[in-house]
Amino acid sequence: MIKVEHLSKTFGNNEVLKDISIEINKGEVVSIIGPSGSGKSTFLRCINLLEQPSKGKIFVSGQDLTESKTNVTKAREKIGMVFQHFHLFPHLTVLENLTYAPTKVKKMTREEAEEKGRTLLARVGLAEKETAYPNSLSGGQKQRVAIARALAMEPELMLFDEPTSALDPEMVKEVLDVMKDLAHSGITMLVVTHEMGFAREVGDQVLFLDEGRLVETGEPKAFFENPQSERAKDFLAKIL
Amino acid sequence: MNLDFSQIVPYIPFMLEGIWVTLQFVIVAIIVGFVLGTVLALFKIGSIKILRRIADVYTSIFRGTPLILQLMIIYYAAPQLLDYDISPFLAAILGFGLNSAAYVSEIIRAGIQAVDRGQTEAAKALGIPYRQMMIDIILPQALKNILPALMNEFITLTKESAIVSTISYLDLMRRAQVVGANLYRNFEPLLFVGLLYWSMIMVLSLIGKWIERRLNVSD
Ligand SMILES: Nc1ncnc2c1ncn2[C@@H]1O[C@H](COP(=O)(O)OP(=O)(O)O)[C@@H](O)[C@H]1O
Ligand SMILES: [Mg+2]
């Protein structure tokens, strides 16, 4: 599904990602963890080319996104992304947020897109909010709408960048529940998170990043119970 | 006190007509300024260097010289250089439209840059092409933020429109002068068109407030 080969990224002369290679299978739920500033967001943003990699190749569903002739805009249709700060379109209603890209980009009919949008809103538990504007929603509700908006494009892959970090504690669970439900649906997910419970119970694989290096990868159980690297041991000791 | 408004009464229809004459070119100039200003703003934030340069030079020239000079140059240069006898109406639209575009482009550029970068990223991540993202996602949000500044520009343009009287365009201002010359009394007709200008500006402000309220439904 995803193959990353020797990915490096530098900002100016700050090397933020250093020679990262990893393969992720279809349907896998991968948690990306590591200290703040270790390059987790940058790694995720390279996967849909919100950041242009400095070196290396990124394949999604067999297509090399770093090839110059790749239509990046088109490729992004298959890759959904959920941000820490939601980034809903404030001038559109909740339902319009969900139908805009499918109608304009995928040329779905409005009826079709609205029906799909309503189904997704029901799935994230917000059926009654379709005519509301984003500013009237709580953080947890906004993030659930953001997830539904990404799903409306029927992506093969979903990227989450700390989706619960900007939420009040009491709203974290409602978002994690939606993500768990999604994880069981068989879609491929890459999740940057500080929710170790989610990484441990829902994830199939953990990637541990430190100072731009992919220091350790493994199954959650093995990683959390018996981390191999000193870096990972230190990190887990601090947060658990 | 030597005030006699009764003498201007026969000229009132003539002066009232000036409202429409003024509005005609002001409205067209506002539209020209807005459309061209938006295009220039998109050049300024775009990634094509030569277009950025063109937009910057354009803005610098039109903001860096007096409007009355620009107006005169257009009015007198066209016949002399292009052998085209430009009408005062067309010269007025060009002068004000081109000048306003420079100011509007700066307002819109600032408005676009004030829209949260996350909006662009969310749109990109959904696979929305640049053009559609600008038209449907970024510009509506930018316009909402800059509406007061934009209304201000339109109000300034309406008031400054009085200088087209210098290229003998028979606008509101010019009509006051004509009436004044006929009556050998300038004060009353000037006061009268002053009242008309003020009413026009009030209406424009009210329209602005109304649009602002309409746009604020999403809050
Ligand atoms: N657009 C950018 N320009 C310059 N430096 C950046 C940019 N984005 C991230 N960085 C730097 O890259 C490093 C990794 O950032 P990030 O990927 O956000 O880390 P994380 O998500 O793990 O906290 C940080 O040192 C950050 O300052
Ligand atoms: Mg981050």
# chains A, B, ... in the order shown; residues from 1 in each chain; ligands from 1

call {"tool": "residues_near_ligand", "arguments": {"ligand": "ligand 1", "cutoff": "6 Å", "atoms": "only C-alpha atoms and all ligand atoms", "output": "ChimeraX atom specification"}}
result
/A:11,16,36-42

call {"tool": "write_last_selection", "arguments": {"atoms": "C-alpha atoms", "output": "short mmCIF file (atom, residue, chain, number, x, y, z; two decimals), in the first residue's frame"}}
result
data_model
loop_
_atom_site.label_atom_id
_atom_site.label_comp_id
_atom_site.auth_asym_id
_atom_site.auth_seq_id
_atom_site.Cartn_x
_atom_site.Cartn_y
_atom_site.Cartn_z
CA PHE A 11 14.27 22.79 5.87
CA VAL A 16 14.24 16.99 9.81
CA SER A 36 7.88 16.69 19.97
CA GLY A 37 9.95 18.00 17.06
CA SER A 38 11.11 14.52 16.03
CA GLY A 39 9.58 14.91 12.55
CA LYS A 40 6.29 13.01 12.92
CA SER A 41 4.15 15.67 11.25
CA THR A 42 6.70 16.25 8.52
#

call {"tool": "interface_residues", "arguments": {"of": "chain A", "to": "chain B", "cutoff": "8 Å", "atoms": "only C-alpha atoms", "output": "PyMOL selection string"}}
result
chain A and resi 48+50+73-77+79-81+87-93+101+104-105+133-136+150+153

call {"tool": "select_by_dssp", "arguments": {"residues": "region 69-225 of chain A", "states": "helix (DSSP H, G or I)", "output": "PyMOL selection string"}}
result
chain A and resi 72-76+94-104+110-123+127-129+134-136+139-151+169-183+196-201+220-225

call {"tool": "residues_near_ligand", "arguments": {"ligand": "ligand 2", "cutoff": "12 Å", "atoms": "only C-alpha atoms and all ligand atoms", "output": "VMD selection string"}}
result
chain A and resid 16 32 to 45 83 to 85 160 to 166 191 to 194 209

call {"tool": "write_last_selection", "arguments": {"atoms": "C-alpha atoms", "output": "compact mmCIF listing (two decimals), in the first residue's frame"}}
result
# COMPACT_ATOMS: atom_id res chain seq x y z
CA VAL A 16 14.24 16.99 9.81
CA ILE A 32 3.62 7.11 14.75
CA ILE A 33 5.01 8.21 18.07
CA GLY A 34 8.02 10.12 19.30
CA PRO A 35 9.07 13.28 21.09
CA SER A 36 7.88 16.69 19.97
CA GLY A 37 9.95 18.00 17.06
CA SER A 38 11.11 14.52 16.03
CA GLY A 39 9.58 14.91 12.55
CA LYS A 40 6.29 13.01 12.92
CA SER A 41 4.15 15.67 11.25
CA THR A 42 6.70 16.25 8.52
CA PHE A 43 6.81 12.50 7.80
CA LEU A 44 3.03 12.35 7.54
CA ARG A 45 2.87 15.47 5.38
CA PHE A 83 -5.38 17.78 11.16
CA GLN A 84 -4.84 18.67 14.78
CA HIS A 85 -6.79 21.90 14.34
CA PHE A 160 -4.16 11.65 11.14
CA ASP A 161 -1.86 14.28 12.67
CA GLU A 162 -2.49 14.34 16.42
CA PRO A 163 -6.25 14.39 15.92
CA THR A 164 -7.02 14.60 19.64
CA SER A 165 -4.24 16.91 20.83
CA ALA A 166 -6.24 20.12 20.53
CA VAL A 191 -1.86 8.07 13.00
CA VAL A 192 0.53 10.47 14.71
CA THR A 193 -0.63 10.32 18.31
CA HIS A 194 0.18 10.76 21.95
CA LEU A 209 10.71 8.54 15.49

call {"tool": "atom_distance", "arguments": {"atom1": "CA of Ile58 (chain A)", "atom2": "CA of Lys18 (chain A)"}}
result
14.2 Å

call {"tool": "residues_around", "arguments": {"residues": "Lys44 (chain B)", "least_positions_apart": "3", "cutoff": "9 Å", "atoms": "only C-alpha atoms", "output": "list of chain:residue names"}}
result
B:Val39, B:Leu40, B:Ala41, B:Ser47, B:Ile48, B:Lys49, B:Leu51, B:Arg52, B:Arg53, B:Ile54, B:Ala55, B:Asp56, B:Ser105, B:Glu106, B:Arg109

call {"tool": "closest_residue", "arguments": {"among": "B:Gly95, B:Leu157, B:Gly46, B:Met173", "to": "Gln113 (chain B)", "atoms": "only C-alpha atoms"}}
result
B:Gly46

call {"tool": "residues_around", "arguments": {"residues": "region 24-27 of chain A", "least_positions_apart": "5", "cutoff": "8 Å", "atoms": "only C-alpha atoms", "output": "ChimeraX atom specification"}}
result
/A:1-3,186-189
